[in-house]
Every structure is written in structure tokens, then in C-alpha cells.
>>> print(open('final14.cif').read())   # mmCIF, C-alpha atoms and all ligand atoms
data_structure
#
loop_
_atom_site.label_atom_id
_atom_site.label_comp_id
_atom_site.auth_asym_id
_atom_site.auth_seq_id
_atom_site.Cartn_x
_atom_site.Cartn_y
_atom_site.Cartn_z
CA MET A 1 52.83 199.05 -112.88
CA ALA A 2 53.24 196.19 -115.28
CA PHE A 3 56.31 194.00 -115.12
CA VAL A 4 58.86 196.76 -114.87
CA LEU A 5 61.59 196.70 -112.30
CA ASN A 6 62.64 200.13 -111.12
CA ILE A 7 66.39 199.81 -110.90
CA LYS A 8 67.16 203.40 -110.11
CA ASP A 9 65.45 203.34 -106.72
CA LEU A 10 66.47 199.84 -105.62
CA PRO A 11 68.10 199.78 -102.20
CA GLU A 12 71.48 198.05 -101.89
CA ASP A 13 69.83 195.23 -100.04
CA VAL A 14 67.12 192.60 -100.41
CA SER A 15 63.64 193.90 -101.03
CA ARG A 16 60.43 192.08 -101.73
CA GLN A 17 58.27 193.46 -104.50
CA GLU A 18 55.00 192.57 -106.12
CA PHE A 19 53.95 193.30 -109.67
CA ALA A 20 50.65 193.09 -111.45
CA ALA A 21 49.77 193.64 -115.08
CA SER A 22 46.38 193.88 -116.73
CA PRO A 23 45.80 192.19 -120.10
CA ASP A 24 46.27 195.64 -121.63
CA GLU A 25 49.74 195.92 -120.17
CA PHE A 26 50.70 192.30 -120.60
CA SER A 27 49.35 190.44 -123.57
CA LEU A 28 50.51 187.57 -125.63
CA ASP A 29 50.03 186.91 -129.28
CA TYR A 30 51.35 183.47 -129.99
CA GLU A 31 49.73 180.45 -131.61
CA GLY A 32 46.38 180.80 -129.91
CA ILE A 33 47.79 181.38 -126.43
CA GLU A 34 45.98 184.26 -124.73
CA VAL A 35 46.30 185.98 -121.39
CA THR A 36 42.76 186.46 -120.10
CA ASP A 37 43.11 188.49 -116.91
CA ASP A 38 45.60 190.18 -114.60
CA ALA A 39 48.96 188.47 -114.30
CA HIS A 40 51.10 188.70 -111.17
CA ALA A 41 54.72 188.39 -110.23
CA TYR A 42 56.59 188.75 -107.00
CA GLY A 43 60.13 188.25 -105.96
CA ASP A 44 62.99 188.93 -103.62
CA ILE A 45 65.25 191.41 -105.30
CA THR A 46 68.84 191.58 -104.21
CA LYS A 47 70.98 194.46 -105.32
CA SER A 48 74.65 194.62 -104.69
CA ASN A 49 77.08 196.79 -106.58
CA ASP A 50 76.43 196.20 -110.24
CA GLN A 51 74.19 193.20 -109.93
CA VAL A 52 70.48 192.73 -109.44
CA ILE A 53 69.11 189.27 -108.73
CA PHE A 54 65.39 188.56 -108.97
CA ARG A 55 64.12 185.37 -107.33
CA GLY A 56 60.44 184.78 -107.39
CA GLU A 57 57.42 183.51 -109.22
CA PHE A 58 54.75 184.61 -111.61
CA SER A 59 51.20 183.52 -112.32
CA ALA A 60 49.11 184.26 -115.37
CA PRO A 61 45.61 183.13 -116.36
CA VAL A 62 45.92 181.79 -119.88
CA ARG A 63 43.65 180.28 -122.48
CA THR A 64 44.72 177.98 -125.26
CA LEU A 65 43.65 174.95 -127.25
CA CYS A 66 44.03 171.40 -126.04
CA SER A 67 46.39 169.52 -128.33
CA ARG A 68 44.32 166.35 -128.06
CA CYS A 69 40.66 167.40 -128.23
CA ALA A 70 41.10 170.91 -129.71
CA GLU A 71 38.79 172.44 -127.06
CA GLN A 72 39.68 175.75 -125.48
CA PHE A 73 40.69 175.58 -121.87
CA GLU A 74 41.87 178.06 -119.25
CA ARG A 75 44.56 177.60 -116.69
CA ASP A 76 46.39 179.62 -114.09
CA LEU A 77 49.93 179.12 -115.15
CA GLU A 78 52.43 179.46 -112.32
CA SER A 79 56.14 179.22 -112.59
CA GLU A 80 59.40 180.19 -111.02
CA LEU A 81 60.98 183.39 -112.26
CA VAL A 82 64.67 183.94 -111.69
CA PHE A 83 66.95 186.32 -113.50
CA VAL A 84 70.15 188.25 -113.01
CA LEU A 85 70.89 191.71 -114.33
CA SER A 86 74.49 192.70 -114.60
CA MET A 87 75.23 196.35 -115.09
CA VAL A 88 78.16 197.05 -117.35
CA PRO A 89 79.65 200.26 -118.76
CA GLU A 90 77.82 201.49 -121.83
CA GLN A 91 80.83 200.89 -124.11
CA GLU A 92 81.06 197.23 -123.11
CA TYR A 93 77.37 196.60 -123.35
CA GLU A 94 77.22 196.28 -127.13
CA GLN A 95 79.80 193.52 -127.19
CA LEU A 96 78.23 191.66 -124.30
CA GLU A 97 74.67 191.88 -125.54
CA ASP A 98 75.04 188.72 -127.62
CA GLU A 99 76.40 186.76 -124.70
CA GLN A 100 73.40 187.12 -122.47
CA SER A 101 71.05 184.24 -121.88
CA GLU A 102 67.45 183.84 -120.87
CA ASP A 103 68.15 184.38 -117.18
CA PHE A 104 71.32 186.43 -117.34
CA HIS A 105 71.14 189.90 -118.84
CA PHE A 106 73.61 192.66 -119.29
CA ILE A 107 72.25 196.15 -119.01
CA PRO A 108 74.07 199.40 -119.55
CA GLY A 109 75.03 201.14 -116.31
CA GLY A 110 72.63 203.96 -115.58
CA THR A 111 69.63 202.00 -116.86
CA LEU A 112 66.61 203.22 -114.92
CA GLU A 113 64.24 200.31 -115.34
CA PHE A 114 64.06 196.81 -116.74
CA ASP A 115 60.93 195.44 -118.35
CA PHE A 116 60.77 191.70 -117.67
CA SER A 117 57.46 191.04 -119.47
CA GLY A 118 59.40 189.31 -122.24
CA LEU A 119 60.88 186.80 -119.81
CA ILE A 120 57.41 185.86 -118.56
CA ARG A 121 56.08 185.61 -122.10
CA ASP A 122 58.89 183.25 -123.05
CA GLN A 123 58.13 181.03 -120.07
CA ILE A 124 54.42 180.88 -120.85
CA ILE A 125 55.13 179.94 -124.44
CA LEU A 126 57.66 177.35 -123.35
CA ALA A 127 55.15 175.81 -120.97
CA LEU A 128 52.30 175.72 -123.46
CA GLU A 129 53.67 175.22 -126.94
CA MET A 130 54.54 171.61 -126.31
CA LYS A 131 51.25 169.73 -126.46
CA PRO A 132 49.08 171.50 -123.89
CA LEU A 133 46.29 169.34 -122.47
CA CYS A 134 42.92 170.47 -121.08
CA HIS A 135 43.52 167.83 -118.42
CA GLU A 136 45.97 164.96 -118.02
CA GLU A 137 43.44 162.30 -118.97
CA CYS A 138 41.96 164.05 -121.98
CA LYS A 139 40.67 161.31 -124.28
CA GLY A 140 40.98 163.40 -127.41
CA ILE A 141 39.10 163.08 -130.65
CA CYS A 142 38.33 159.81 -132.40
CA PRO A 143 40.39 159.82 -135.61
CA ASP A 144 37.64 157.89 -137.38
CA CYS A 145 34.37 159.61 -136.49
CA GLY A 146 35.69 162.91 -135.08
CA LYS A 147 33.72 162.71 -131.83
CA ASN A 148 35.18 164.37 -128.75
CA LEU A 149 35.64 161.31 -126.58
CA ASN A 150 35.56 163.39 -123.39
CA TYR A 151 31.85 163.98 -123.97
CA GLU A 152 30.66 160.89 -125.78
CA GLU A 153 31.76 157.41 -126.62
CA CYS A 154 31.98 155.86 -130.03
CA THR A 155 32.29 152.30 -131.25
CA CYS A 156 34.95 152.85 -133.91
CA LYS A 157 37.64 151.15 -131.85
CA ASP A 158 35.63 147.99 -131.32
CA GLU A 159 35.05 147.60 -135.02
CA LYS A 160 38.68 148.05 -135.88
CA VAL A 161 41.01 145.10 -136.35
CA ASP A 162 43.46 144.76 -133.49
CA GLU A 163 46.41 146.89 -134.61
CA ARG A 164 48.95 144.23 -133.75
CA TRP A 165 47.55 142.04 -136.51
CA LEU A 166 47.62 144.75 -139.17
CA PRO A 167 51.00 143.72 -140.68
CA LEU A 168 49.73 140.16 -140.98
CA LYS A 169 46.50 141.33 -142.51
CA ASP A 170 48.51 143.37 -145.04
CA LEU A 171 50.47 140.27 -146.00
CA LEU A 172 47.35 138.21 -146.45
CA ASP A 173 45.67 140.91 -148.49
CA ARG A 174 48.66 141.09 -150.79
CA SER A 175 49.03 137.34 -151.38
ZN ZN B 201 41.51 167.94 -124.30
ZN ZN B 202 34.82 157.08 -133.40
#
>>> encode(input="final14.cif", output="C-alpha cells")
Amino acid sequence: MAFVLNIKDLPEDVSRQEFAASPDEFSLDYEGIEVTDDAHAYGDITKSNDQVIFRGEFSAPVRTLCSRCAEQFERDLESELVFVLSMVPEQEYEQLEDEQSEDFHFIPGGTLEFDFSGLIRDQIILALEMKPLCHEECKGICPDCGKNLNYEECTCKDEKVDERWLPLKDLLDRS
């Protein structure tokens, strides 16, 4: 079924719908972010006149690289999913197309279905492109010896001069 909303058969009412998409139907190719298994979405869909409102959530199992230790990790990403579709006459649609936003879309009247995979993709990327972490307390990689500090300790830090004194040390070295 993938993430396609059937607009043609929507009742003029609120209806609850569930969607599922296999990795074949819903994939992601962005900076090492991968969808590993079926993704799901569900929502309350309200249709009235020329407007369709989707209020719900999605979840997707994703795999990416930790920004601190560079190890792969997997996570079930869950997030709210809300969007509004506003049906407009075909002639007006072309002018309005540029005015739509992430959660507010114009669609030409008579549109049969709306594929919202792109909206979910955008949200996944948004959630993961900013410094994803394998876990909150990831210790990262030692910049000196390159060891993954989640698995082993190193003594580099102890040998280093306290960073607060570095400017002073610079001065002394120069004089
Ligand atoms: Zn990590
Ligand atoms: Zn080290």
C-alpha cells in the first residue's frame, strides 16, 4: 500500500487509516541513512469540502552512522506527521504550487491519490542529519589514538597538558 493516501474514496468525515511500506516501497538514499525494514504510518484523516487534514504519526527503522564514534547504529525513529491538502482548481494550482510548505500542500482538484512518502523522508533526514548519536552518552573516538572510547579506555587525556594552560604554555614557548 505504501504511503499513498487514496483521496478519491475518502468519506466526508474523519477516518482512521494505517499505512505500511516495505523497504522496496519506501527507501531512502541520503548520506548513509538507510531504512532497514517496514515503515508504518497511521493517522486520523479529516475530509471536508476541499480540504484533507492528516494527523498522525509514523515510525521507521533506520540505520546510520554515529557522529561521534562513527559506528553504525539502528533506531526506530518515531515522529508526528501532520499535513493539510487543499484542493484547488487545476488552473490555480500552477500559481499556488510555489506557495505550499512542508505541511500545507495544494493539489489539483480531481487528484485521486497523494503520495506522502516524501514528507516522511524529509522528517527522517531532518531528525538524523544533525549529529546523530548511537546513544546520548557516546564517548566518541579519541582524537589522539583513534580508539573507540565506548569499548576501551586510553591514557591520552592524562598525558595531555590541561587545556586551560595551553595559552600560557604557548607564551612561554615563544619567549
Ligand atoms: Zn557513538
Ligand atoms: Zn587516546
>>> residues_around(input="final14.cif", residues="Val52 in chain A", least_positions_apart="5", cutoff="6 Å", atoms="all atoms listed in the file", output="list in words")
Thr46, Lys47, Val84 and Leu85 of chain A
>>> closest_residue(input="final14.cif", among="A:Glu78, A:Glu102, A:Glu97, A:Asp29", to="Phe116 in chain A", atoms="all atoms listed in the file")
A:Glu102
>>> residues_near_ligand(input="final14.cif", ligand="ligand ZN 202 (chain B)", cutoff="8 Å", atoms="all atoms listed in the file", output="PyMOL selection string")
chain A and resi 141-147+153-157
>>> residues_near_ligand(input="final14.cif", ligand="ligand ZN 201 (chain B)", cutoff="12 Å", atoms="only C-alpha atoms and all ligand atoms", output="list in words")
Thr64, Leu65, Cys66, Ser67, Arg68, Cys69, Ala70, Glu71, Gln72, Phe73, Glu74, Lys131, Pro132, Leu133, Cys134, His135, Glu136, Glu137, Cys138, Lys139, Gly140, Ile141, Cys142, Asn148, Leu149, Asn150 and Tyr151 of chain A
>>> write_last_selection(input="final14.cif", atoms="C-alpha atoms", output="JSON list (two decimals), keeping the file's coordinate frame")
[["chain", "number", "residue", "atom", "x", "y", "z"],
["A", 64, "THR", "CA", 44.72, 177.98, -125.26],
["A", 65, "LEU", "CA", 43.65, 174.95, -127.25],
["A", 66, "CYS", "CA", 44.03, 171.40, -126.04],
["A", 67, "SER", "CA", 46.39, 169.52, -128.33],
["A", 68, "ARG", "CA", 44.32, 166.35, -128.06],
["A", 69, "CYS", "CA", 40.66, 167.40, -128.23],
["A", 70, "ALA", "CA", 41.10, 170.91, -129.71],
["A", 71, "GLU", "CA", 38.79, 172.44, -127.06],
["A", 72, "GLN", "CA", 39.68, 175.75, -125.48],
["A", 73, "PHE", "CA", 40.69, 175.58, -121.87],
["A", 74, "GLU", "CA", 41.87, 178.06, -119.25],
["A", 131, "LYS", "CA", 51.25, 169.73, -126.46],
["A", 132, "PRO", "CA", 49.08, 171.50, -123.89],
["A", 133, "LEU", "CA", 46.29, 169.34, -122.47],
["A", 134, "CYS", "CA", 42.92, 170.47, -121.08],
["A", 135, "HIS", "CA", 43.52, 167.83, -118.42],
["A", 136, "GLU", "CA", 45.97, 164.96, -118.02],
["A", 137, "GLU", "CA", 43.44, 162.30, -118.97],
["A", 138, "CYS", "CA", 41.96, 164.05, -121.98],
["A", 139, "LYS", "CA", 40.67, 161.31, -124.28],
["A", 140, "GLY", "CA", 40.98, 163.40, -127.41],
["A", 141, "ILE", "CA", 39.10, 163.08, -130.65],
["A", 142, "CYS", "CA", 38.33, 159.81, -132.40],
["A", 148, "ASN", "CA", 35.18, 164.37, -128.75],
["A", 149, "LEU", "CA", 35.64, 161.31, -126.58],
["A", 150, "ASN", "CA", 35.56, 163.39, -123.39],
["A", 151, "TYR", "CA", 31.85, 163.98, -123.97]]
>>> closest_residue(input="final14.cif", among="A:Ile33, A:Val4, A:Ile107, A:Ala39", to="Glu90 in chain A", atoms="only C-alpha atoms")
A:Ile107
>>> residues_around(input="final14.cif", residues="Arg121 in chain A", least_positions_apart="6", cutoff="10 Å", atoms="all atoms listed in the file", output="list in words")
Phe26, Ser27, Leu28, Asp29, Tyr30, Val35, Ala60 and Ala127 of chain A
>>> axis_aligned_box(input="final14.cif", around="range 65-74 of chain A", padding_each_side="4 Å", output="lines of an AutoDock Vina configuration file")
center_x = 42.6
center_y = 172.2
center_z = -124.5
size_x = 15.6
size_y = 19.7
size_z = 18.5
>>> closest_residue(input="final14.cif", among="A:Ser86, A:Glu80, A:Ile120, A:Leu172", to="Phe106 in chain A", atoms="all atoms listed in the file")
A:Ser86
>>> closest_residue(input="final14.cif", among="A:Ile125, A:Gln91, A:Val14, A:Phe54", to="Asp103 in chain A", atoms="only C-alpha atoms")
A:Phe54
>>> atom_distance(input="final14.cif", atom1="CA of Gly56 in chain A", atom2="CA of Leu77 in chain A")
14.2 Å
>>> closest_residue(input="final14.cif", among="A:Arg55, A:Met87, A:Asp158, A:Glu99", to="Phe114 in chain A", atoms="only C-alpha atoms")
A:Met87
>>> atom_distance(input="final14.cif", atom1="CA of Gln17 in chain A", atom2="CA of Gly43 in chain A")
5.7 Å
>>> atom_distance(input="final14.cif", atom1="CA of Glu94 in chain A", atom2="CA of Pro108 in chain A")
8.8 Å
>>> closest_residue(input="final14.cif", among="A:Ser101, A:Thr111, A:Gln95, A:Ser79", to="Leu126 in chain A", atoms="all atoms listed in the file")
A:Ser79
>>> residues_near_point(input="final14.cif", point="(75.8, 199.9, -106.1)", cutoff="12 Å", atoms="all atoms listed in the file", output="VMD selection string")
chain A and resid 7 to 13 46 to 52 86 to 88 109 to 110
>>> build_atoms(input="final14.cif", residues="range 47-61 of chain A", atoms="N, CA and C atoms", output="CSV table (one decimal), in the coordinates of the input")
chain,number,residue,atom,x,y,z
A,47,LYS,N,70.1,193.6,-104.6
A,47,LYS,CA,71.0,194.5,-105.3
A,47,LYS,C,72.3,194.6,-104.6
A,48,SER,N,73.3,194.3,-105.3
A,48,SER,CA,74.6,194.6,-104.7
A,48,SER,C,75.6,195.1,-105.8
A,49,ASN,N,76.2,196.2,-105.6
A,49,ASN,CA,77.1,196.8,-106.6
A,49,ASN,C,76.4,196.9,-107.9
A,50,ASP,N,76.9,196.1,-108.9
A,50,ASP,CA,76.4,196.2,-110.2
A,50,ASP,C,75.5,195.0,-110.6
A,51,GLN,N,75.0,194.3,-109.6
A,51,GLN,CA,74.2,193.2,-109.9
A,51,GLN,C,72.8,193.2,-109.2
A,52,VAL,N,71.8,192.8,-110.0
A,52,VAL,CA,70.5,192.7,-109.4
A,52,VAL,C,70.0,191.3,-109.7
A,53,ILE,N,69.6,190.7,-108.6
A,53,ILE,CA,69.1,189.3,-108.7
A,53,ILE,C,67.6,189.2,-108.3
A,54,PHE,N,66.8,188.7,-109.2
A,54,PHE,CA,65.4,188.6,-109.0
A,54,PHE,C,65.1,187.1,-108.8
A,55,ARG,N,64.5,186.8,-107.6
A,55,ARG,CA,64.1,185.4,-107.3
A,55,ARG,C,62.7,185.4,-106.9
A,56,GLY,N,61.8,184.8,-107.8
A,56,GLY,CA,60.4,184.8,-107.4
A,56,GLY,C,59.6,183.9,-108.3
A,57,GLU,N,58.4,184.3,-108.5
A,57,GLU,CA,57.4,183.5,-109.2
A,57,GLU,C,56.5,184.4,-110.0
A,58,PHE,N,55.8,183.9,-111.0
A,58,PHE,CA,54.8,184.6,-111.6
A,58,PHE,C,53.5,183.7,-111.8
A,59,SER,N,52.4,184.3,-112.0
A,59,SER,CA,51.2,183.5,-112.3
A,59,SER,C,50.4,184.3,-113.3
A,60,ALA,N,49.9,183.6,-114.3
A,60,ALA,CA,49.1,184.3,-115.4
A,60,ALA,C,48.0,183.4,-115.8
A,61,PRO,N,46.7,183.9,-115.9
A,61,PRO,CA,45.6,183.1,-116.4
A,61,PRO,C,45.7,183.1,-117.9
